[in-house]
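Asker: Pasting a structure here, questions to come.
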Amino acid sequence: MRSTSDVLTDEASKPGIDRPGFVARHPWIQLFAVVAVLLGLWEALSIFGYIDPFFMPPPSTLAQTFYELLVEGFPEEILLHSHILVTLKRSAIGYLIAVALAIPIGVVIGYFRTLDVAARPFVTFGRSTAPISILPLFIAVFDIGEVSKIALITFACFWATLTNTIAGVKFVDPVLLRAAQSMDTPRSRIFAEVILPAALPRIFAGLKISLAIAFMVIVAAEMIATVFGLGALINEARTWFRTDITMVGMIVIGVIGYAASIGLDVLERKLMPWSSAARDSE
Amino acid sequence: MNQAAHKIVIDGVSKQFIAASGNTVEALRDINLTIGENEFVCVVGRSGCGKSTLMNMIAGFLKPSAGSILVDGAQIEGPGKGKGVVFQNLALFPWLTARKNIEFGCKQQGVGDERRARISRELIDLVHLTGFEDKYPFELSGGMQQRVAIARALAIDPLLLLMDEPFGALDEQTRMGMQNELLRIWSSHKKTVIFITHSVAESIVLADRIIVLGANPGHLKKEFKVSLDRPRDRLSPEFVELEAEVQDALD
């Protein structure tokens, strides 16, 4: 094995030696290039009249709107960063409550076969219920304040983490359990030594799906009786026919969701460098 | 390691399973076999002849439907207790490094840190994994993973080592290297070894005695004593002749 980069560069400059191309080695360049081309195309189509800027404002307008939201605010002069903070806070609370409930419950259901069988119809039912459909119920029970919004996010996030935790615990490779038994692992320690670590990648997959769901439902949750939050921003924009604000709101939520999911990937690689999911996302 | 290795007496063992269809499947019928202390026994047979079932019963994972298996005169009550197992698909813990995998058994048995570290160091050395001890299984080649699995089974200092086609997934070159290493380990840490394989040549390279199982239901078909001196030359006339005989019994 050659180890110094000098040697590698030298080798790479020779013909017939494969190495990743410049773009492959700098994935960010690729991303920026794609985004730049798409934005340029969009702007051009707008300029030449192929896209009605009223329904779909061009990037230049969105940039202006973004600036306007940052310094002037909308609605009622609420600045963009306060919307973002409110949305982040609601999603984080709702998400964390969901995860804090779903992981222990999922572990218990996954561990006991009879419980799994008994819980299955409820889990399937809960998982297939569109979260938004339960919002009227939450509003009736929790009123239209913060609680019903957070409850909606909790409900929506709960199921993906729950089902993945159940599956992770239930489908531990039996041969790993046998291996542990063959090395005299006490019955009381099998869970901590084998089942839990074996289930972790799956549990983490659930956490990621739930996070994505949180950012999907937050908008709906924030459309109820509030002017704070990105969902409220989008909703208010609708009443004023400000499609530009709606789009900026969408983009901001998308970027936040993307950043959060990258954050979870990083955390996963840190916690589980051995997991195949962590390796694949590198 | 001054204790004598295990003697195993398999007496009239049969095993039936209830298949998903509800039918009873007879995996093994009336197996009688005695395996001596420090003996290296290879079990060969076609797939479906019940050789893994036999191993799982000796390991204590399954109970015989009839008959008994005695280890040093005592009925097997369950897995563990000096029965080391190397699994067909290795069953390494992916979340533990090579060293932690090897130390797993010692940790479960409450072996102190210092002694555990010494044992794992010796085994890492023995199976030539020095420099790779802090790698996770996925970072190791198939042959290296294999050696981790063997070291892990050896770490609990088993008197009986059960190996279920452990080299099945290796290329021929690595496989031959592993066979030599296994023999080297076996000669330095005398133990009773039961080694399952479907390769006739492998069984002749390794075993003191070869047990041929027939299928439908699994039964004891024939046994061969291998009295060739080790290391065995695969091209010697005696080797080739025995290979043909065992192959014959298998067919």
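How things are named: the first chain in the structure tokens is A, the next is B, and so on; residues count from 1 in each chain; ligands count from 1 in the order shown.
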Specify as a ChimeraX atom specification all residues of chain B found within 10 Å of chain A, counting only C-alpha atoms.

Answerer: /B:56,59-61,78-97,104-110,135-139,149,152-153,155-156,158

Asker: I'd like the neighbourhood of stretch 30-44 of chain B as an mmCIF file with N, CA and C atoms, in the first residue's frame, where a residue qualifies if any of its atoms comes within 6 Å (using only C-alpha atoms), though same-chain residues fewer than 6 positions away should be ignored.

Answerer:
```
data_model
loop_
_atom_site.group_PDB
_atom_site.id
_atom_site.type_symbol
_atom_site.label_atom_id
_atom_site.label_comp_id
_atom_site.auth_asym_id
_atom_site.auth_seq_id
_atom_site.Cartn_x
_atom_site.Cartn_y
_atom_site.Cartn_z
ATOM 1 N N ALA B 5 -9.605 -32.329 27.679
ATOM 2 C CA ALA B 5 -10.701 -31.884 26.830
ATOM 3 C C ALA B 5 -11.881 -32.849 26.945
ATOM 4 N N HIS B 6 -13.007 -32.395 26.417
ATOM 5 C CA HIS B 6 -14.241 -33.147 26.603
ATOM 6 C C HIS B 6 -14.317 -34.414 25.776
ATOM 7 N N LYS B 7 -15.028 -35.371 26.364
ATOM 8 C CA LYS B 7 -15.403 -36.560 25.620
ATOM 9 C C LYS B 7 -16.909 -36.480 25.424
ATOM 10 N N ILE B 8 -17.349 -36.738 24.206
ATOM 11 C CA ILE B 8 -18.775 -36.590 23.923
ATOM 12 C C ILE B 8 -19.371 -37.930 23.524
ATOM 13 N N VAL B 9 -20.467 -38.269 24.155
ATOM 14 C CA VAL B 9 -21.149 -39.505 23.800
ATOM 15 C C VAL B 9 -22.547 -39.161 23.298
ATOM 16 N N ILE B 10 -22.765 -39.458 22.017
ATOM 17 C CA ILE B 10 -24.073 -39.216 21.407
ATOM 18 C C ILE B 10 -24.754 -40.568 21.308
ATOM 19 N N ASP B 11 -25.887 -40.699 21.983
ATOM 20 C CA ASP B 11 -26.489 -42.017 22.144
ATOM 21 C C ASP B 11 -27.924 -42.028 21.638
ATOM 22 N N GLY B 12 -28.118 -42.651 20.492
ATOM 23 C CA GLY B 12 -29.464 -42.833 19.944
ATOM 24 C C GLY B 12 -30.223 -41.540 19.720
ATOM 25 N N VAL B 13 -29.510 -40.513 19.213
ATOM 26 C CA VAL B 13 -30.144 -39.200 19.081
ATOM 27 C C VAL B 13 -30.949 -39.080 17.782
ATOM 28 N N SER B 14 -32.196 -38.641 17.924
ATOM 29 C CA SER B 14 -33.041 -38.307 16.775
ATOM 30 C C SER B 14 -33.559 -36.893 16.972
ATOM 31 N N LYS B 190 -4.803 -27.946 22.957
ATOM 32 C CA LYS B 190 -5.560 -29.166 22.691
ATOM 33 C C LYS B 190 -7.011 -29.067 23.151
ATOM 34 N N LYS B 191 -7.901 -29.365 22.244
ATOM 35 C CA LYS B 191 -9.322 -29.357 22.545
ATOM 36 C C LYS B 191 -9.981 -30.409 21.675
ATOM 37 N N THR B 192 -11.186 -30.768 22.071
ATOM 38 C CA THR B 192 -11.984 -31.606 21.196
ATOM 39 C C THR B 192 -12.634 -30.687 20.159
ATOM 40 N N VAL B 193 -12.502 -31.051 18.889
ATOM 41 C CA VAL B 193 -13.069 -30.202 17.846
ATOM 42 C C VAL B 193 -14.064 -30.996 17.008
ATOM 43 N N ILE B 194 -15.239 -30.442 16.838
ATOM 44 C CA ILE B 194 -16.193 -31.004 15.879
ATOM 45 C C ILE B 194 -16.372 -29.973 14.785
ATOM 46 N N PHE B 195 -16.010 -30.356 13.571
ATOM 47 C CA PHE B 195 -15.910 -29.415 12.464
ATOM 48 C C PHE B 195 -16.826 -29.899 11.349
ATOM 49 N N ILE B 196 -17.771 -29.051 10.996
ATOM 50 C CA ILE B 196 -18.710 -29.437 9.943
ATOM 51 C C ILE B 196 -18.278 -28.824 8.625
ATOM 52 N N THR B 197 -18.322 -29.614 7.597
ATOM 53 C CA THR B 197 -17.918 -29.093 6.281
ATOM 54 C C THR B 197 -18.627 -29.894 5.194
ATOM 55 N N HIS B 198 -18.697 -29.329 4.006
ATOM 56 C CA HIS B 198 -19.176 -30.160 2.913
ATOM 57 C C HIS B 198 -18.034 -30.474 1.945
ATOM 58 N N SER B 203 -12.025 -32.002 5.020
ATOM 59 C CA SER B 203 -12.152 -32.931 6.134
ATOM 60 C C SER B 203 -10.905 -33.819 6.235
ATOM 61 N N ALA B 207 -9.059 -33.726 9.798
ATOM 62 C CA ALA B 207 -9.632 -34.585 10.831
ATOM 63 C C ALA B 207 -8.773 -35.772 11.253
ATOM 64 N N ASP B 208 -9.005 -36.202 12.518
ATOM 65 C CA ASP B 208 -8.558 -37.523 12.940
ATOM 66 C C ASP B 208 -9.538 -38.559 12.413
ATOM 67 N N ARG B 209 -10.788 -38.126 12.368
ATOM 68 C CA ARG B 209 -11.840 -39.055 11.971
ATOM 69 C C ARG B 209 -12.893 -38.281 11.195
ATOM 70 N N ILE B 210 -13.418 -38.910 10.156
ATOM 71 C CA ILE B 210 -14.439 -38.263 9.328
ATOM 72 C C ILE B 210 -15.742 -39.032 9.475
ATOM 73 N N ILE B 211 -16.800 -38.301 9.793
ATOM 74 C CA ILE B 211 -18.121 -38.910 9.909
ATOM 75 C C ILE B 211 -18.922 -38.475 8.688
ATOM 76 N N VAL B 212 -19.414 -39.458 7.931
ATOM 77 C CA VAL B 212 -20.221 -39.126 6.762
ATOM 78 C C VAL B 212 -21.686 -39.305 7.117
#
```

Asker: Which residues come within 7 Å of B:Leu28, counting only C-alpha atoms, excluding same-chain residues fewer than 2 positions away, as a PDB file with N, CA and C atoms, in the first residue's frame?

Answerer:
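Generated file (part.pdb):
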```pdb
ATOM      1  N   SER B  14     -32.196 -38.641  17.924  1.00  0.00           N
ATOM      2  CA  SER B  14     -33.041 -38.307  16.775  1.00  0.00           C
ATOM      3  C   SER B  14     -33.559 -36.893  16.972  1.00  0.00           C
ATOM      4  N   LYS B  15     -33.896 -36.270  15.870  1.00  0.00           N
ATOM      5  CA  LYS B  15     -34.454 -34.928  15.981  1.00  0.00           C
ATOM      6  C   LYS B  15     -35.529 -34.726  14.931  1.00  0.00           C
ATOM      7  N   GLU B  26     -38.294 -35.200   9.811  1.00  0.00           N
ATOM      8  CA  GLU B  26     -37.281 -35.916  10.570  1.00  0.00           C
ATOM      9  C   GLU B  26     -35.908 -35.464  10.078  1.00  0.00           C
ATOM     10  N   ASP B  30     -31.491 -41.677  14.872  1.00  0.00           N
ATOM     11  CA  ASP B  30     -30.678 -42.641  15.600  1.00  0.00           C
ATOM     12  C   ASP B  30     -29.178 -42.485  15.370  1.00  0.00           C
ATOM     13  N   GLY B  50     -28.660 -32.725   7.983  1.00  0.00           N
ATOM     14  CA  GLY B  50     -28.828 -32.551   9.428  1.00  0.00           C
ATOM     15  C   GLY B  50     -27.541 -32.307  10.175  1.00  0.00           C
ATOM     16  N   PRO B 217     -33.958 -39.444   6.361  1.00  0.00           N
ATOM     17  CA  PRO B 217     -33.502 -38.431   7.316  1.00  0.00           C
ATOM     18  C   PRO B 217     -32.002 -38.555   7.548  1.00  0.00           C
ATOM     19  N   GLY B 218     -31.421 -37.567   8.154  1.00  0.00           N
ATOM     20  CA  GLY B 218     -29.992 -37.604   8.433  1.00  0.00           C
ATOM     21  C   GLY B 218     -29.628 -38.829   9.263  1.00  0.00           C
ATOM     22  N   HIS B 219     -28.649 -39.562   8.784  1.00  0.00           N
ATOM     23  CA  HIS B 219     -28.213 -40.741   9.541  1.00  0.00           C
ATOM     24  C   HIS B 219     -26.717 -40.931   9.355  1.00  0.00           C
TER      25      HIS B 219
END
```

Asker: To one decimal place, how far is atom CA of A:Pro20 from atom CA of A:Ala33 in Å?

Answerer: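 Interatomic distance here is 18.0 Å.
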
Asker: Enter the distance from atom CA of A:Val252 to atom CA of A:Asp52, in Å, rounded to one decimal.

Answerer: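 Between atom CA of A:Val252 and atom CA of A:Asp52 the gap is 22.3 Å.
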
Asker: Rounded to one decimal in Å, what is the spacing between atom CA of A:Glu77 and atom CA of A:Leu230?

Answerer: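 Straight-line distance from atom CA of A:Glu77 to atom CA of A:Leu230 works out to 13.6 Å.
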
Asker: Might you pull out every residue within 9 Å of A:Gly126, with only C-alpha atoms counted and same-chain residues fewer than 4 positions away left off, and present them as JSON, numbers by chain?

Answerer: {"A": [121, 122, 130, 131, 155, 159]}

Asker: Check the smallest atom-to-atom distance from each of A:Ser210, A:Leu79, A:Ala192, A:Ala220 to A:Ile134 using only C-alpha atoms, then report the winner.

Answerer: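 Smallest separation from A:Ile134 among the options: A:Ala220.
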
Asker: Mind the document's chain letters and residue numbers, and return as a PyMOL selection string the residues of stretch 64-273 of chain A that DSSP labels alpha helix (DSSP H).

Answerer: chain A and resi 64-71+80-111+113-128+135-142+146-170+174-182+187-190+196-221+230-239+243-271

Asker: So which residues touch A:Ile166 within 6 Å, counting only C-alpha atoms, skipping near sequence neighbours fewer than 2 positions away, as an MDAnalysis selection string?

Answerer: chainID A and resid 106:107 110 163:164 168:170

Asker: Would you save the residues from that selection as a PDB file, in the first residue's frame, using N, CA and C atoms?

Answerer:
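Listed below is the output, result.pdb:
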```
ATOM      1  N   GLY A 106     -41.627   1.007  21.954  1.00  0.00           N
ATOM      2  CA  GLY A 106     -41.265   0.093  20.870  1.00  0.00           C
ATOM      3  C   GLY A 106     -40.365  -1.036  21.356  1.00  0.00           C
ATOM      4  N   VAL A 107     -39.446  -0.704  22.251  1.00  0.00           N
ATOM      5  CA  VAL A 107     -38.540  -1.723  22.785  1.00  0.00           C
ATOM      6  C   VAL A 107     -39.344  -2.791  23.529  1.00  0.00           C
ATOM      7  N   GLY A 110     -41.472  -4.805  21.034  1.00  0.00           N
ATOM      8  CA  GLY A 110     -40.639  -5.671  20.215  1.00  0.00           C
ATOM      9  C   GLY A 110     -40.069  -6.851  20.988  1.00  0.00           C
ATOM     10  N   THR A 163     -42.572   1.924  14.921  1.00  0.00           N
ATOM     11  CA  THR A 163     -42.548   0.709  14.107  1.00  0.00           C
ATOM     12  C   THR A 163     -41.105   0.257  13.853  1.00  0.00           C
ATOM     13  N   ASN A 164     -40.214   1.217  13.643  1.00  0.00           N
ATOM     14  CA  ASN A 164     -38.819   0.832  13.403  1.00  0.00           C
ATOM     15  C   ASN A 164     -38.159   0.278  14.662  1.00  0.00           C
ATOM     16  N   GLY A 168     -36.674  -3.360  14.908  1.00  0.00           N
ATOM     17  CA  GLY A 168     -35.260  -3.494  15.261  1.00  0.00           C
ATOM     18  C   GLY A 168     -35.044  -4.490  16.381  1.00  0.00           C
ATOM     19  N   VAL A 169     -35.896  -4.406  17.391  1.00  0.00           N
ATOM     20  CA  VAL A 169     -35.749  -5.292  18.553  1.00  0.00           C
ATOM     21  C   VAL A 169     -36.199  -6.709  18.191  1.00  0.00           C
ATOM     22  N   LYS A 170     -37.268  -6.790  17.416  1.00  0.00           N
ATOM     23  CA  LYS A 170     -37.861  -8.094  17.098  1.00  0.00           C
ATOM     24  C   LYS A 170     -36.968  -8.902  16.157  1.00  0.00           C
TER      25      LYS A 170
END
```

Asker: Give me the residues near A:Ala225 as a list in words, where near means some atom within 8 Å (using only C-alpha atoms) and where sequence neighbours in that chain fewer than 3 positions away do not count.

Answerer: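 My list of contacting residues is Ile144, Gly145 and Glu222 of chain A.
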
Asker: Within 12 Å of A:Ile97, counting only C-alpha atoms, which residues qualify if same-chain residues fewer than 2 places away don't, as a list in words?

Answerer: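 Close residues of A:Ile97: Arg90, Ser91, Ala92, Ile93, Gly94, Tyr95, Val99, Ala100, Leu101, Ala102, Ile103, Pro104, Ile150, Ala151, Leu152, Ile153, Thr154, Phe155, Ala156, Cys157, Phe158, Thr161, Ser210 and Ala214 of chain A.
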
Asker: Output the selection as a tab-separated table (two decimals), in the first residue's frame - N, CA and C atoms for each residue.

Answerer:
```
chain	number	residue	atom	x	y	z
A	90	ARG	N	-41.28	24.38	18.14
A	90	ARG	CA	-42.44	23.47	18.11
A	90	ARG	C	-42.04	22.09	17.59
A	91	SER	N	-41.31	22.08	16.47
A	91	SER	CA	-40.96	20.77	15.91
A	91	SER	C	-40.07	20.00	16.87
A	92	ALA	N	-39.12	20.71	17.48
A	92	ALA	CA	-38.19	20.01	18.37
A	92	ALA	C	-38.93	19.42	19.56
A	93	ILE	N	-39.81	20.20	20.16
A	93	ILE	CA	-40.54	19.67	21.33
A	93	ILE	C	-41.40	18.48	20.92
A	94	GLY	N	-42.17	18.68	19.84
A	94	GLY	CA	-43.05	17.59	19.39
A	94	GLY	C	-42.28	16.34	19.03
A	95	TYR	N	-41.17	16.54	18.33
A	95	TYR	CA	-40.33	15.41	17.89
A	95	TYR	C	-39.73	14.68	19.08
A	99	VAL	N	-40.23	10.81	20.22
A	99	VAL	CA	-39.12	9.87	20.28
A	99	VAL	C	-38.98	9.29	21.69
A	100	ALA	N	-39.14	10.17	22.69
A	100	ALA	CA	-39.01	9.73	24.08
A	100	ALA	C	-40.10	8.71	24.43
A	101	LEU	N	-41.25	8.81	23.78
A	101	LEU	CA	-42.31	7.83	24.02
A	101	LEU	C	-42.12	6.58	23.17
A	102	ALA	N	-41.79	6.80	21.88
A	102	ALA	CA	-41.81	5.70	20.92
A	102	ALA	C	-40.70	4.69	21.18
A	103	ILE	N	-39.51	5.15	21.55
A	103	ILE	CA	-38.40	4.20	21.71
A	103	ILE	C	-38.66	3.22	22.86
A	104	PRO	N	-38.95	3.72	24.08
A	104	PRO	CA	-39.20	2.71	25.14
A	104	PRO	C	-40.41	1.83	24.86
A	150	ILE	N	-48.17	21.03	18.99
A	150	ILE	CA	-47.11	20.10	19.38
A	150	ILE	C	-47.64	18.66	19.40
A	151	ALA	N	-48.88	18.52	19.87
A	151	ALA	CA	-49.47	17.17	19.90
A	151	ALA	C	-49.55	16.58	18.50
A	152	LEU	N	-49.87	17.42	17.52
A	152	LEU	CA	-49.96	16.92	16.15
A	152	LEU	C	-48.60	16.40	15.67
A	153	ILE	N	-47.57	17.19	15.95
A	153	ILE	CA	-46.23	16.76	15.53
A	153	ILE	C	-45.83	15.48	16.26
A	154	THR	N	-46.11	15.44	17.55
A	154	THR	CA	-45.80	14.24	18.32
A	154	THR	C	-46.51	13.03	17.73
A	155	PHE	N	-47.80	13.19	17.45
A	155	PHE	CA	-48.56	12.07	16.90
A	155	PHE	C	-47.96	11.61	15.57
A	156	ALA	N	-47.65	12.59	14.71
A	156	ALA	CA	-47.16	12.25	13.38
A	156	ALA	C	-45.80	11.56	13.45
A	157	CYS	N	-44.93	12.04	14.37
A	157	CYS	CA	-43.57	11.49	14.45
A	157	CYS	C	-43.51	10.15	15.18
A	158	PHE	N	-44.49	9.93	16.03
A	158	PHE	CA	-44.46	8.78	16.92
A	158	PHE	C	-44.36	7.45	16.16
A	161	THR	N	-40.95	6.05	14.34
A	161	THR	CA	-39.95	5.60	15.30
A	161	THR	C	-40.43	4.35	16.02
A	210	SER	N	-38.96	9.97	11.12
A	210	SER	CA	-39.80	10.82	11.97
A	210	SER	C	-39.43	12.29	11.83
A	214	ALA	N	-41.80	15.36	10.79
A	214	ALA	CA	-42.00	16.55	11.63
A	214	ALA	C	-42.06	17.79	10.76
```
